[in-house]
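Source file: input20.tsv. Holds: TSV, C-alpha atoms.
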```tsv
chain	number	residue	atom	x	y	z
A	1	ASP	CA	13.58	-8.04	-4.24
A	2	VAL	CA	11.44	-10.11	-1.87
A	3	VAL	CA	8.93	-12.14	-3.85
A	4	MET	CA	5.51	-12.54	-2.24
A	5	THR	CA	3.67	-15.62	-3.52
A	6	GLN	CA	-0.03	-15.43	-2.75
A	7	THR	CA	-2.48	-18.32	-3.21
A	8	PRO	CA	-5.05	-19.04	-4.40
A	9	PRO	CA	-5.48	-16.36	-7.10
A	10	SER	CA	-9.24	-16.59	-6.70
A	11	LEU	CA	-11.82	-17.99	-4.29
A	12	SER	CA	-15.51	-18.57	-4.76
A	13	VAL	CA	-17.37	-18.57	-1.46
A	14	ALA	CA	-20.84	-18.60	0.02
A	15	ILE	CA	-21.89	-16.06	2.62
A	16	GLY	CA	-21.14	-17.47	6.04
A	17	GLN	CA	-18.34	-19.70	4.83
A	18	SER	CA	-14.82	-19.40	6.25
A	19	VAL	CA	-11.81	-19.01	3.96
A	20	SER	CA	-8.04	-18.78	4.17
A	21	ILE	CA	-5.49	-17.07	1.93
A	22	SER	CA	-1.79	-17.91	1.96
A	23	CYS	CA	1.19	-15.63	1.41
A	24	LYS	CA	4.76	-16.91	1.29
A	25	SER	CA	7.82	-14.68	1.11
A	26	SER	CA	11.17	-15.51	-0.48
A	27	GLN	CA	12.99	-14.14	2.58
A	28	SER	CA	12.30	-13.93	6.28
A	29	LEU	CA	10.21	-10.86	7.13
A	30	VAL	CA	11.54	-10.49	10.67
A	31	ALA	CA	12.97	-6.98	10.82
A	32	SER	CA	15.82	-5.54	12.87
A	33	ASP	CA	13.21	-3.95	15.16
A	34	LYS	CA	11.98	-7.52	15.89
A	35	ASN	CA	8.63	-6.80	14.22
A	36	THR	CA	7.45	-8.79	11.21
A	37	HIS	CA	6.12	-6.24	8.74
A	38	LEU	CA	3.50	-8.30	6.97
A	39	ASN	CA	0.25	-6.56	6.07
A	40	TRP	CA	-3.03	-7.68	4.55
A	41	LEU	CA	-5.11	-5.27	2.48
A	42	LEU	CA	-8.54	-5.48	0.87
A	43	GLN	CA	-9.51	-3.64	-2.28
A	44	SER	CA	-13.29	-3.62	-2.59
A	45	PRO	CA	-14.70	-3.14	-6.11
A	46	GLY	CA	-14.16	0.43	-7.32
A	47	ARG	CA	-12.33	1.43	-4.13
A	48	SER	CA	-8.75	2.03	-3.07
A	49	PRO	CA	-6.94	-0.59	-0.98
A	50	LYS	CA	-7.58	-0.60	2.74
A	51	ARG	CA	-5.20	-2.17	5.23
A	52	LEU	CA	-6.83	-4.81	7.42
A	53	ILE	CA	-3.95	-6.34	9.34
A	54	TYR	CA	-0.39	-5.28	10.17
A	55	HIS	CA	2.52	-6.97	11.95
A	56	VAL	CA	1.09	-10.36	10.87
A	57	SER	CA	-1.85	-10.42	13.27
A	58	LYS	CA	-2.79	-6.94	14.54
A	59	LEU	CA	-6.17	-5.73	13.36
A	60	GLY	CA	-6.41	-2.21	11.99
A	61	SER	CA	-8.79	0.29	13.50
A	62	GLY	CA	-12.40	-0.67	12.83
A	63	VAL	CA	-11.58	-4.02	11.21
A	64	PRO	CA	-14.08	-6.73	12.21
A	65	GLY	CA	-12.92	-9.56	14.43
A	66	ARG	CA	-13.83	-12.17	11.79
A	67	PHE	CA	-10.50	-11.31	10.16
A	68	SER	CA	-7.38	-12.88	11.63
A	69	GLY	CA	-3.77	-13.18	10.57
A	70	THR	CA	-1.23	-15.80	11.55
A	71	GLY	CA	2.23	-16.87	10.54
A	72	SER	CA	5.91	-16.17	11.02
A	73	GLU	CA	9.20	-15.80	9.17
A	74	LYS	CA	8.17	-16.59	5.57
A	75	ASP	CA	4.73	-18.19	5.79
A	76	PHE	CA	1.55	-16.23	6.50
A	77	THR	CA	-2.22	-16.78	6.40
A	78	LEU	CA	-5.25	-14.54	6.40
A	79	LYS	CA	-8.44	-16.17	7.64
A	80	ILE	CA	-11.94	-14.78	7.26
A	81	SER	CA	-14.47	-16.49	9.50
A	82	ARG	CA	-18.06	-16.34	8.27
A	83	VAL	CA	-17.62	-14.27	5.10
A	84	GLU	CA	-20.03	-11.36	4.65
A	85	ALA	CA	-20.97	-9.63	1.39
A	86	GLU	CA	-18.85	-6.59	2.23
A	87	ASP	CA	-15.74	-8.82	2.33
A	88	LEU	CA	-15.78	-9.41	-1.42
A	89	GLY	CA	-12.92	-7.94	-3.44
A	90	ILE	CA	-9.21	-8.49	-3.96
A	91	TYR	CA	-6.93	-9.28	-1.02
A	92	TYR	CA	-3.22	-8.44	-1.14
A	93	CYS	CA	-0.36	-9.20	1.21
A	94	LEU	CA	2.35	-6.54	1.48
A	95	GLN	CA	5.76	-6.87	3.11
A	96	GLY	CA	7.37	-3.77	4.59
A	97	THR	CA	10.49	-5.30	6.11
A	98	HIS	CA	12.73	-5.04	3.07
A	99	LEU	CA	13.02	-2.35	0.40
A	100	PRO	CA	11.46	-2.29	-2.06
A	101	ARG	CA	8.16	-3.01	-0.32
A	102	THR	CA	6.49	-5.74	-2.34
A	103	PHE	CA	2.97	-7.07	-2.80
A	104	GLY	CA	1.53	-10.47	-3.44
A	105	GLY	CA	-0.32	-10.96	-6.70
A	106	GLY	CA	-3.74	-10.77	-5.06
A	107	THR	CA	-6.60	-13.15	-4.28
A	108	LYS	CA	-9.99	-12.30	-5.72
A	109	LEU	CA	-12.82	-13.29	-3.37
A	110	GLU	CA	-16.10	-13.77	-5.19
A	111	LEU	CA	-19.57	-14.99	-4.34
A	112	LYS	CA	-20.40	-18.58	-5.24
B	1	GLU	CA	-11.73	11.95	10.41
B	2	VAL	CA	-8.60	11.17	8.42
B	3	GLN	CA	-8.58	12.42	4.84
B	4	VAL	CA	-6.03	11.70	2.11
B	5	LEU	CA	-6.69	13.37	-1.23
B	6	GLU	CA	-4.53	13.07	-4.34
B	7	SER	CA	-4.58	15.47	-7.28
B	8	GLY	CA	-2.60	16.34	-10.37
B	9	GLY	CA	-3.09	13.29	-12.55
B	10	GLY	CA	-3.83	13.35	-16.24
B	11	LEU	CA	-2.69	12.49	-19.74
B	12	VAL	CA	0.93	13.27	-20.60
B	13	GLN	CA	3.21	12.42	-23.51
B	14	PRO	CA	6.24	10.16	-23.05
B	15	GLY	CA	9.28	12.11	-21.89
B	16	ASN	CA	7.23	14.82	-20.25
B	17	SER	CA	6.68	15.65	-16.58
B	18	LEU	CA	3.80	15.66	-14.11
B	19	LYS	CA	3.55	16.55	-10.43
B	20	LEU	CA	1.14	14.78	-8.11
B	21	SER	CA	-0.02	16.30	-4.83
B	22	CYS	CA	-1.50	14.65	-1.75
B	23	ALA	CA	-3.28	16.74	0.87
B	24	THR	CA	-4.06	15.20	4.24
B	25	SER	CA	-5.90	16.04	7.44
B	26	GLY	CA	-7.10	14.38	10.62
B	27	PHE	CA	-3.79	13.12	12.00
B	28	THR	CA	-0.41	14.45	13.13
B	29	PHE	CA	1.17	14.69	9.70
B	30	SER	CA	4.62	15.71	10.92
B	31	THR	CA	5.22	12.31	12.54
B	32	ALA	CA	3.84	10.19	9.70
B	33	TRP	CA	5.80	8.31	7.11
B	34	MET	CA	4.22	8.93	3.73
B	35	TYR	CA	4.11	6.71	0.67
B	36	TRP	CA	3.24	6.65	-2.99
B	37	TYR	CA	2.00	3.41	-4.50
B	38	ARG	CA	0.66	2.66	-7.96
B	39	GLN	CA	-1.70	0.12	-9.47
B	40	PHE	CA	-1.29	-0.96	-13.07
B	41	PRO	CA	-4.24	-1.69	-15.36
B	42	GLU	CA	-3.93	-5.43	-14.68
B	43	LYS	CA	-4.46	-4.66	-10.93
B	44	ARG	CA	-0.85	-5.33	-9.91
B	45	LEU	CA	0.20	-3.07	-7.01
B	46	GLU	CA	3.68	-1.54	-6.70
B	47	TRP	CA	5.32	0.60	-4.05
B	48	VAL	CA	6.83	3.72	-5.65
B	49	ALA	CA	8.42	5.92	-2.98
B	50	ARG	CA	8.55	6.72	0.71
B	51	ILE	CA	9.47	9.79	2.73
B	52	LYS	CA	10.06	9.52	6.44
B	53	ALA	CA	9.33	12.15	9.12
B	54	LYS	CA	11.53	15.05	10.19
B	55	SER	CA	12.76	12.97	13.15
B	56	ASN	CA	14.14	10.53	10.56
B	57	ASN	CA	15.76	13.35	8.57
B	58	TYR	CA	13.08	13.19	5.86
B	59	THR	CA	14.85	10.14	4.41
B	60	THR	CA	13.52	9.12	0.99
B	61	ASP	CA	13.49	5.76	-0.79
B	62	TYR	CA	12.39	4.72	-4.28
B	63	THR	CA	11.67	1.63	-6.26
B	64	GLU	CA	14.44	0.99	-8.78
B	65	SER	CA	12.42	1.77	-11.91
B	66	VAL	CA	11.75	5.39	-10.87
B	67	LYS	CA	15.09	6.30	-9.32
B	68	GLY	CA	16.52	9.41	-10.95
B	69	ARG	CA	13.16	10.25	-12.57
B	70	PHE	CA	10.72	10.67	-9.64
B	71	THR	CA	11.15	12.80	-6.53
B	72	ILE	CA	9.02	12.56	-3.40
B	73	SER	CA	8.81	15.56	-1.10
B	74	ARG	CA	6.70	16.84	1.77
B	75	ASP	CA	5.57	20.13	3.27
B	76	ASP	CA	4.71	19.59	6.92
B	77	SER	CA	3.23	23.11	7.15
B	78	LYS	CA	0.62	22.06	4.55
B	79	SER	CA	0.26	18.40	5.67
B	80	SER	CA	1.00	17.45	2.09
B	81	ILE	CA	3.33	15.36	0.01
B	82	TYR	CA	4.23	15.52	-3.65
B	83	LEU	CA	5.56	13.28	-6.39
B	84	GLN	CA	7.47	15.02	-9.16
B	85	MET	CA	7.57	12.65	-12.12
B	86	ASN	CA	10.01	13.43	-14.93
B	87	LYS	CA	10.91	11.55	-18.11
B	88	LEU	CA	7.64	9.67	-17.96
B	89	ARG	CA	7.32	6.38	-19.83
B	90	GLU	CA	4.28	4.51	-21.08
B	91	GLU	CA	4.91	1.87	-18.40
B	92	ASP	CA	4.33	4.53	-15.73
B	93	THR	CA	0.64	4.51	-16.68
B	94	ALA	CA	-1.24	3.60	-13.50
B	95	ILE	CA	-3.47	4.80	-10.70
B	96	TYR	CA	-1.25	6.50	-8.13
B	97	TYR	CA	-2.19	6.26	-4.46
B	98	CYS	CA	-0.89	8.33	-1.56
B	99	ALA	CA	-0.79	6.60	1.81
B	100	SER	CA	0.07	7.57	5.37
B	101	ALA	CA	1.46	5.47	8.20
B	102	TYR	CA	1.71	6.66	11.78
B	103	TYR	CA	1.64	5.38	15.33
B	104	TYR	CA	-1.03	6.58	17.75
B	105	SER	CA	-1.64	5.14	21.22
B	106	GLY	CA	0.56	2.16	20.41
B	107	ALA	CA	-1.29	1.20	17.24
B	108	LEU	CA	-0.11	1.66	13.66
B	109	PHE	CA	-2.59	3.52	11.48
B	110	ASP	CA	-2.50	3.39	7.72
B	111	TYR	CA	-4.74	5.31	5.29
B	112	TRP	CA	-4.84	5.38	1.50
B	113	GLY	CA	-6.32	8.05	-0.72
B	114	GLN	CA	-8.79	7.39	-3.51
B	115	GLY	CA	-6.06	7.49	-6.16
B	116	VAL	CA	-5.35	9.58	-9.23
B	117	MET	CA	-4.95	8.31	-12.79
B	118	VAL	CA	-1.77	8.99	-14.73
B	119	THR	CA	-1.76	8.07	-18.42
B	120	VAL	CA	1.44	8.31	-20.42
B	121	SER	CA	0.68	8.08	-24.11
B	122	SER	CA	1.45	9.83	-27.37
```
Now, as a test, write the supplied structure out as C-alpha cells.
Amino acid sequence: DVVMTQTPPSLSVAIGQSVSISCKSSQSLVASDKNTHLNWLLQSPGRSPKRLIYHVSKLGSGVPGRFSGTGSEKDFTLKISRVEAEDLGIYYCLQGTHLPRTFGGGTKLELK
Amino acid sequence: EVQVLESGGGLVQPGNSLKLSCATSGFTFSTAWMYWYRQFPEKRLEWVARIKAKSNNYTTDYTESVKGRFTISRDDSKSSIYLQMNKLREEDTAIYYCASAYYYSGALFDYWGQGVMVTVSS
C-alpha cells in the first residue's frame, strides 16, 4: 500500500497567519491517465470531511482562493494564506492513484 | 443542491451482519463513481470500497481487510448505493461515510455524506 506521510501532526496558528502542510507518498502518484490523484480534505469539528483540492492543485467548487496546492510525483504541499476561523479542523491528504486509496495521518489546525 | 445521506448504522454483535444505504440527489448519479470510507475512533480515515459507473461495467474494489465480507452495490434507478457488511468484527467499529465523485463541465466534484455510526460489540 502507498504510505502517505503528513506533517506536522498539529499546527497552532493566529488568524491571518499563513501555514503550510506537507504530504509525502511512498510511491509516485502520477497515474496512467497522466493525472496526479492527490487530494486535500478538511474535516471541521463535528462535520464530515470535505474535499478542498484535487489533482494536486485544482480547487473544488466553492473553495476559497486562499487555499492552494503544489507538488509533484511524491512530494505535495497545501498552503493556506491568511487563515480564517472557519479553516480550523483536521486536514488530510488522500491519494487516489493506487488501490487501496490511502490517507495521510492528518494535521490538526488550531487557534494559537 | 447535492445531497448524500447514509442510513442503516447501529449496534451489532461480532459475526453478525448490517446493511448500510446511501441515498443521493442533485447530480447525475449514473455517471458517478461511488465510495464508502470509514473513520475510526482515533480519527484515522480509511477507504473501504468503490463502485464505478455502468460505463465502467460497475467494477468494484475493496480494501483488503473487508474483501469477502463486505459487498458494495448500486441502484441507478434509486440514485443509491449500499454496503452489505457480513461477519462483522469489533475492528469494523467506525463512522461510515458515503461519497460521490463525478465530472461536470470539466471539473471533478466530490461530496461526502454526514456519516453513520457502526458499532460492533458484544
If we count all atoms listed in the file, what is near Gly69 of chain A at a cut-off of 10 Å, once residues fewer than 5 positions away on the same chain are taken out, given as an NGL selection string? :A and (20-21 or 38-40 or 52-59 or 76-80)
Scan for residues within 12 Å of the point (-18.9, -12.3, 4.1) in the coordinates of the file, using all atoms listed in the file, and reply as a compact mmCIF listing (two decimals) with C-alpha atoms, in the coordinates of the input.
```
# COMPACT_ATOMS: atom_id res chain seq x y z
CA SER A 12 -15.51 -18.57 -4.76
CA VAL A 13 -17.37 -18.57 -1.46
CA ALA A 14 -20.84 -18.60 0.02
CA ILE A 15 -21.89 -16.06 2.62
CA GLY A 16 -21.14 -17.47 6.04
CA GLN A 17 -18.34 -19.70 4.83
CA SER A 18 -14.82 -19.40 6.25
CA VAL A 19 -11.81 -19.01 3.96
CA PRO A 64 -14.08 -6.73 12.21
CA ARG A 66 -13.83 -12.17 11.79
CA PHE A 67 -10.50 -11.31 10.16
CA LYS A 79 -8.44 -16.17 7.64
CA ILE A 80 -11.94 -14.78 7.26
CA SER A 81 -14.47 -16.49 9.50
CA ARG A 82 -18.06 -16.34 8.27
CA VAL A 83 -17.62 -14.27 5.10
CA GLU A 84 -20.03 -11.36 4.65
CA ALA A 85 -20.97 -9.63 1.39
CA GLU A 86 -18.85 -6.59 2.23
CA ASP A 87 -15.74 -8.82 2.33
CA LEU A 88 -15.78 -9.41 -1.42
CA GLY A 89 -12.92 -7.94 -3.44
CA LEU A 109 -12.82 -13.29 -3.37
CA GLU A 110 -16.10 -13.77 -5.19
CA LEU A 111 -19.57 -14.99 -4.34
CA LYS A 112 -20.40 -18.58 -5.24
```
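Going from atom CA of Ser77 of chain B over to atom CA of Ala23 of chain B, you cover 11.1 Å.
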Residue contacts of Ser30 of chain B (10 Å, all atoms listed in the file) excluding same-chain residues fewer than 4 positions away, as JSON, numbers by chain: {"B": [34, 52, 53, 54, 55, 74, 75, 76, 77, 78, 79, 80, 102]}
Long-range neighbours of Gly68 of chain B as an mmCIF file with C-alpha atoms, in the frame of the given file, 12 Å cut-off, only C-alpha atoms, 6 positions minimum in chain:
```cif
data_model
loop_
_atom_site.group_PDB
_atom_site.id
_atom_site.type_symbol
_atom_site.label_atom_id
_atom_site.label_comp_id
_atom_site.auth_asym_id
_atom_site.auth_seq_id
_atom_site.Cartn_x
_atom_site.Cartn_y
_atom_site.Cartn_z
ATOM 1 C CA ALA B 49 8.420 5.920 -2.980
ATOM 2 C CA ASP B 61 13.490 5.760 -0.790
ATOM 3 C CA TYR B 62 12.390 4.720 -4.280
ATOM 4 C CA GLN B 84 7.470 15.020 -9.160
ATOM 5 C CA MET B 85 7.570 12.650 -12.120
ATOM 6 C CA ASN B 86 10.010 13.430 -14.930
ATOM 7 C CA LYS B 87 10.910 11.550 -18.110
ATOM 8 C CA LEU B 88 7.640 9.670 -17.960
#
```
